[in-house]
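Worksheet for the structure shown next.
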Amino acid sequence: MYYSILTEYRLLGDEKADFLIENTTQNDIFELLKSIQTNESFFKIYPKNDFIDFPAWADKEKIKIAQTFFRKNFRVILSLLGSLSLPYCYAAADGAKVLMYSQRLAKDTKKRLAETAKFVLEIMENDAFEDTGKGFALCFQVRTIHAQIRNKSKKSPHWNLDWGLPINQEDMAGTNLSFSLIILRGMEKLQYKVTAQEADAFLHYWNIIGHLLGLKQELLPKDRKEAFWLDKCIVDRQFKTSEEGKLLAKNLLICLNETLPKNIPEGFLGSYLRFLLGDKIANMIKIPTSNWTTNLLTPLPLISWWQDATQNITPETMKEMIAQETDTLGINIF
């Protein structure tokens, strides 16, 4: 099913956002983004179901379950976004090229990680899709920034369309899976208990986000089985060694090493990322080989260490901690 459409979707972007960028001056785009910070401000400019329509298939009960699941596990989920989801995406060789080209992750990795964490924390809030929340505004910001990068990248003489359209539907689908399916895999690898109901709701929630970010319906898997096959197709088609992927992973390792407690032994981070990614993908992006610290990677002690280190942190305090690292507009571009 997916193999038959991914080649076509590799040349598709986001029609609405692309049209906006192509027909609006850079200064007007900046002013528009600055003015849209909440759902209320977004709806003043774009009536409901105009630029972004909330999907009719969204299940309110699953939304509540997913939000509760996130709040209960937000510490490990945010940790896995940096230590698993991001390097996983780097193995998609052609998709990694646009990350390097845009310089959004090649430079100031810490700031970009903070932007991603802020986006996830805010998009998972209980009122994210209410008038009082920020979900629609956040998705509009992301789509607009993606379209800016797409427009600039595809016009560059250095961009080869054999790589696909920059930030195309296939790469967007892979990124969306890295925030949902891959997070669930990481949690299970660390032996966190995730019920079938929680996993289903979490995938459903990220399908809603994917829809709001401009993903085609065909690339929103309705259950975990479909998510598995979509991920497998993307991995088979796109995952390979690239200089861009290796450099992005190198910068990420430098950033993560700077945040580790001083008493963490040398080599632990490489061992940990390999534990999460598996050797095949870790080798693609040149994650350092494991050393004796592999013996420290028993899942339950890892969970205990992580919970002890973050036990006093709430989603609210986490947002305060990362606020100084984010852009003035609070825009995330992953």
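Labels for the structure tokens follow display order: chains A, B, ..., residues from 1 in each chain, ligands from 1.
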
Which residues, written as an mmCIF file with N, CA and C atoms, in the first residue's frame, have at least one atom at most 12 Å from A:Trp292, with only C-alpha atoms counted and residues fewer than 4 positions away on the same chain left out?
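Output below, filename selection.cif:
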```
data_model
loop_
_atom_site.group_PDB
_atom_site.id
_atom_site.type_symbol
_atom_site.label_atom_id
_atom_site.label_comp_id
_atom_site.auth_asym_id
_atom_site.auth_seq_id
_atom_site.Cartn_x
_atom_site.Cartn_y
_atom_site.Cartn_z
ATOM 1 N N PRO A 265 29.661 8.254 33.374
ATOM 2 C CA PRO A 265 30.953 7.843 32.804
ATOM 3 C C PRO A 265 31.055 8.104 31.308
ATOM 4 N N GLU A 266 32.273 8.283 30.845
ATOM 5 C CA GLU A 266 32.540 8.539 29.434
ATOM 6 C C GLU A 266 32.080 7.344 28.591
ATOM 7 N N GLY A 267 31.418 7.647 27.509
ATOM 8 C CA GLY A 267 30.942 6.587 26.610
ATOM 9 C C GLY A 267 29.516 6.162 26.866
ATOM 10 N N PHE A 268 28.947 6.614 27.997
ATOM 11 C CA PHE A 268 27.590 6.182 28.332
ATOM 12 C C PHE A 268 26.581 6.627 27.283
ATOM 13 N N LEU A 269 26.703 7.869 26.805
ATOM 14 C CA LEU A 269 25.717 8.393 25.873
ATOM 15 C C LEU A 269 25.691 7.593 24.573
ATOM 16 N N GLY A 270 26.876 7.275 24.046
ATOM 17 C CA GLY A 270 26.930 6.464 22.838
ATOM 18 C C GLY A 270 26.308 5.097 23.052
ATOM 19 N N SER A 271 26.605 4.485 24.199
ATOM 20 C CA SER A 271 26.030 3.179 24.512
ATOM 21 C C SER A 271 24.511 3.264 24.620
ATOM 22 N N TYR A 272 24.030 4.342 25.237
ATOM 23 C CA TYR A 272 22.598 4.520 25.443
ATOM 24 C C TYR A 272 21.868 4.708 24.113
ATOM 25 N N LEU A 296 25.543 -0.776 32.156
ATOM 26 C CA LEU A 296 24.705 0.103 32.974
ATOM 27 C C LEU A 296 23.315 0.304 32.376
ATOM 28 N N LEU A 297 23.077 -0.313 31.218
ATOM 29 C CA LEU A 297 21.862 -0.016 30.471
ATOM 30 C C LEU A 297 20.690 -0.942 30.787
#
```

Residues of stretch 120-156 of chain A within 12 Å of stretch 201-220 of chain A: nearest atom pair and distance (Å, one decimal) for each, counting only C-alpha atoms, sorted by chain and number, as a tab-separated table?
```
residue	atom	partner	partner_atom	distance
A:Val120	CA	A:Ile209	CA	10.3
A:Glu122	CA	A:Ile209	CA	11.9
A:Ile123	CA	A:Ile209	CA	8.2
A:Met124	CA	A:Tyr205	CA	8.8
A:Glu125	CA	A:Tyr205	CA	11.7
A:Asn126	CA	A:Tyr205	CA	11.9
A:Ala128	CA	A:Ile209	CA	10.5
A:Phe129	CA	A:Ile209	CA	10.1
A:Gly135	CA	A:Ile209	CA	8.5
A:Phe136	CA	A:Leu212	CA	7.3
A:Ala137	CA	A:Leu212	CA	10.0
A:Leu138	CA	A:Leu213	CA	9.2
A:Cys139	CA	A:Leu213	CA	5.5
A:Phe140	CA	A:Leu213	CA	7.3
A:Gln141	CA	A:Leu213	CA	9.3
A:Val142	CA	A:Leu213	CA	7.2
A:Arg143	CA	A:Leu213	CA	5.9
A:Thr144	CA	A:Leu213	CA	9.6
A:Ile145	CA	A:Leu213	CA	11.1
A:His146	CA	A:Leu213	CA	9.6
A:Ala147	CA	A:Gly214	CA	10.7
```

(message) One decimal, in Å: what's the spacing between atom CA of A:Leu190 and atom CA of A:Pro315?
(response) 21.2 Å

(request) Apply DSSP to the structure's backbone, then extract all residues of stretch 86-262 of chain A labelled alpha helix (DSSP H) and return them as JSON, numbers by chain. (result) {"A": [86, 87, 88, 89, 90, 93, 94, 95, 96, 97, 98, 99, 100, 101, 102, 109, 110, 111, 112, 113, 114, 115, 116, 117, 118, 119, 120, 121, 122, 123, 135, 136, 137, 138, 139, 140, 141, 142, 143, 144, 145, 146, 147, 148, 149, 150, 151, 152, 153, 154, 155, 169, 170, 171, 172, 173, 174, 175, 176, 177, 178, 179, 181, 182, 183, 184, 185, 186, 187, 188, 189, 196, 197, 198, 199, 200, 201, 202, 203, 204, 205, 206, 207, 208, 209, 210, 211, 212, 224, 225, 226, 227, 228, 229, 230, 231, 232, 233, 234, 235, 236, 237, 238, 243, 244, 245, 246, 247, 248, 249, 250, 251, 252, 253, 254, 255, 256, 257, 258, 259]}

Selection export as a short mmCIF file (atom, residue, chain, number, x, y, z; two decimals), in the first residue's frame, atoms kept: C-alpha atoms:
```cif
data_model
loop_
_atom_site.label_atom_id
_atom_site.label_comp_id
_atom_site.auth_asym_id
_atom_site.auth_seq_id
_atom_site.Cartn_x
_atom_site.Cartn_y
_atom_site.Cartn_z
CA LEU A 86 15.88 12.89 16.42
CA PRO A 87 18.82 10.59 15.60
CA TYR A 88 16.33 8.14 14.06
CA CYS A 89 15.30 10.88 11.61
CA TYR A 90 18.94 11.63 10.80
CA ALA A 93 19.62 10.52 4.22
CA ASP A 94 17.74 12.79 1.80
CA GLY A 95 15.57 14.28 4.52
CA ALA A 96 18.69 15.08 6.55
CA LYS A 97 19.97 17.24 3.70
CA VAL A 98 17.31 19.90 4.21
CA LEU A 99 18.07 20.04 7.94
CA MET A 100 21.67 20.81 7.06
CA TYR A 101 20.73 23.22 4.30
CA SER A 102 18.40 25.23 6.53
CA THR A 109 21.38 22.33 18.44
CA LYS A 110 20.49 23.04 22.05
CA LYS A 111 18.16 25.85 21.04
CA ARG A 112 16.42 23.67 18.45
CA LEU A 113 15.94 20.87 20.98
CA ALA A 114 14.39 23.41 23.34
CA GLU A 115 12.03 24.57 20.58
CA THR A 116 10.92 21.01 19.96
CA ALA A 117 10.35 20.36 23.66
CA LYS A 118 8.33 23.57 23.97
CA PHE A 119 6.20 22.65 20.96
CA VAL A 120 5.44 19.19 22.33
CA LEU A 121 4.65 20.48 25.82
CA GLU A 122 2.22 23.06 24.43
CA ILE A 123 0.59 20.88 21.78
CA GLY A 135 -2.55 24.06 19.19
CA PHE A 136 -3.87 25.59 15.97
CA ALA A 137 -1.54 28.57 16.25
CA LEU A 138 1.46 26.30 16.80
CA CYS A 139 0.62 24.13 13.79
CA PHE A 140 0.15 27.22 11.63
CA GLN A 141 3.57 28.48 12.71
CA VAL A 142 5.23 25.17 11.91
CA ARG A 143 3.55 24.88 8.51
CA THR A 144 4.55 28.42 7.61
CA ILE A 145 8.19 27.93 8.62
CA HIS A 146 8.31 24.62 6.74
CA ALA A 147 6.92 26.31 3.64
CA GLN A 148 9.53 29.09 3.91
CA ILE A 149 12.33 26.54 4.09
CA ARG A 150 10.78 24.48 1.30
CA ASN A 151 10.46 27.51 -0.96
CA LYS A 152 14.01 28.69 -0.35
CA SER A 153 15.59 25.24 -0.57
CA LYS A 154 13.95 24.12 -3.80
CA LYS A 155 15.09 27.32 -5.56
CA GLN A 169 4.99 14.44 2.55
CA GLU A 170 7.11 11.30 3.00
CA ASP A 171 9.61 13.05 5.28
CA MET A 172 6.79 14.73 7.20
CA ALA A 173 5.15 11.32 7.71
CA GLY A 174 8.41 9.86 8.96
CA THR A 175 8.88 12.73 11.38
CA ASN A 176 5.34 12.34 12.67
CA LEU A 177 5.98 8.64 13.31
CA SER A 178 9.17 9.52 15.17
CA PHE A 179 7.06 11.54 17.62
CA LEU A 181 5.35 5.16 17.09
CA ILE A 182 9.09 5.51 17.75
CA ILE A 183 8.46 7.07 21.18
CA LEU A 184 6.24 4.12 22.10
CA ARG A 185 8.97 1.71 20.98
CA GLY A 186 11.52 3.54 23.08
CA MET A 187 9.30 3.47 26.16
CA GLU A 188 8.72 -0.24 25.76
CA LYS A 189 12.44 -0.83 25.31
CA ALA A 196 -2.92 -0.83 24.30
CA GLN A 197 -5.48 1.89 24.95
CA GLU A 198 -2.76 4.45 25.75
CA ALA A 199 -0.70 3.51 22.69
CA ASP A 200 -3.75 3.73 20.43
CA ALA A 201 -4.73 7.12 21.87
CA PHE A 202 -1.16 8.48 21.58
CA LEU A 203 -0.96 7.48 17.90
CA HIS A 204 -4.41 8.98 17.31
CA TYR A 205 -3.35 12.26 18.91
CA TRP A 206 -0.29 12.53 16.69
CA ASN A 207 -2.47 11.73 13.68
CA ILE A 208 -4.52 14.79 14.60
CA ILE A 209 -1.33 16.86 14.87
CA GLY A 210 -0.09 15.42 11.57
CA HIS A 211 -3.36 16.41 9.92
CA LEU A 212 -3.08 19.94 11.34
CA ARG A 224 -0.22 0.56 15.23
CA LYS A 225 -0.08 -2.16 12.57
CA GLU A 226 -0.42 0.40 9.78
CA ALA A 227 2.09 2.66 11.56
CA PHE A 228 4.58 -0.22 11.62
CA TRP A 229 4.27 -0.78 7.87
CA LEU A 230 4.47 2.90 6.99
CA ASP A 231 7.62 3.25 9.10
CA LYS A 232 9.12 0.12 7.52
CA CYS A 233 8.47 1.43 4.01
CA ILE A 234 10.10 4.77 4.81
CA VAL A 235 13.09 3.06 6.45
CA ASP A 236 13.54 0.73 3.47
CA ARG A 237 13.34 3.61 1.02
CA GLN A 238 15.23 6.36 2.83
CA GLU A 243 27.49 12.89 5.54
CA GLU A 244 24.61 15.11 6.63
CA GLY A 245 23.19 12.46 8.94
CA LYS A 246 26.57 11.82 10.53
CA LEU A 247 27.26 15.52 11.10
CA LEU A 248 23.81 16.11 12.59
CA ALA A 249 24.32 13.15 14.93
CA LYS A 250 27.76 14.45 15.91
CA ASN A 251 26.31 17.85 16.82
CA LEU A 252 23.51 16.18 18.77
CA LEU A 253 25.97 14.08 20.76
CA ILE A 254 27.99 17.17 21.66
CA CYS A 255 24.83 18.93 22.83
CA LEU A 256 23.52 15.98 24.85
CA ASN A 257 26.91 15.34 26.45
CA GLU A 258 26.90 18.91 27.73
CA THR A 259 23.64 18.27 29.58
#
```

(request) Rank A:Ala282, A:Ile287, A:Leu273, A:Leu33 by their smallest atom-to-atom distance to A:Ser83, using only C-alpha atoms, and report the top residue only. (result)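 Smallest separation from A:Ser83 among the options: A:Leu273.
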
(message) I'd like the interatomic distance between atom CA of A:Lys34 and atom CA of A:Phe51, to a tenth of an Å.
(response)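 Going from atom CA of A:Lys34 over to atom CA of A:Phe51 covers 17.2 Å.
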
(request) Determine the nearest neighbour of A:Lys60 from the options A:Asn27, A:Asp127, A:Leu11, A:Lys72, counting only C-alpha atoms. (result)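 Of the candidates, the smallest distance to A:Lys60 is held by A:Asp127.
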
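With distances restricted to only C-alpha atoms, A:Asn168 is the closest residue to A:Gly13 from A:Asn283, A:Glu130, A:Ala91, A:Asn168.
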
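When atom CA of A:Gln37 is paired with atom CA of A:Thr132, their separation reads 11.0 Å.
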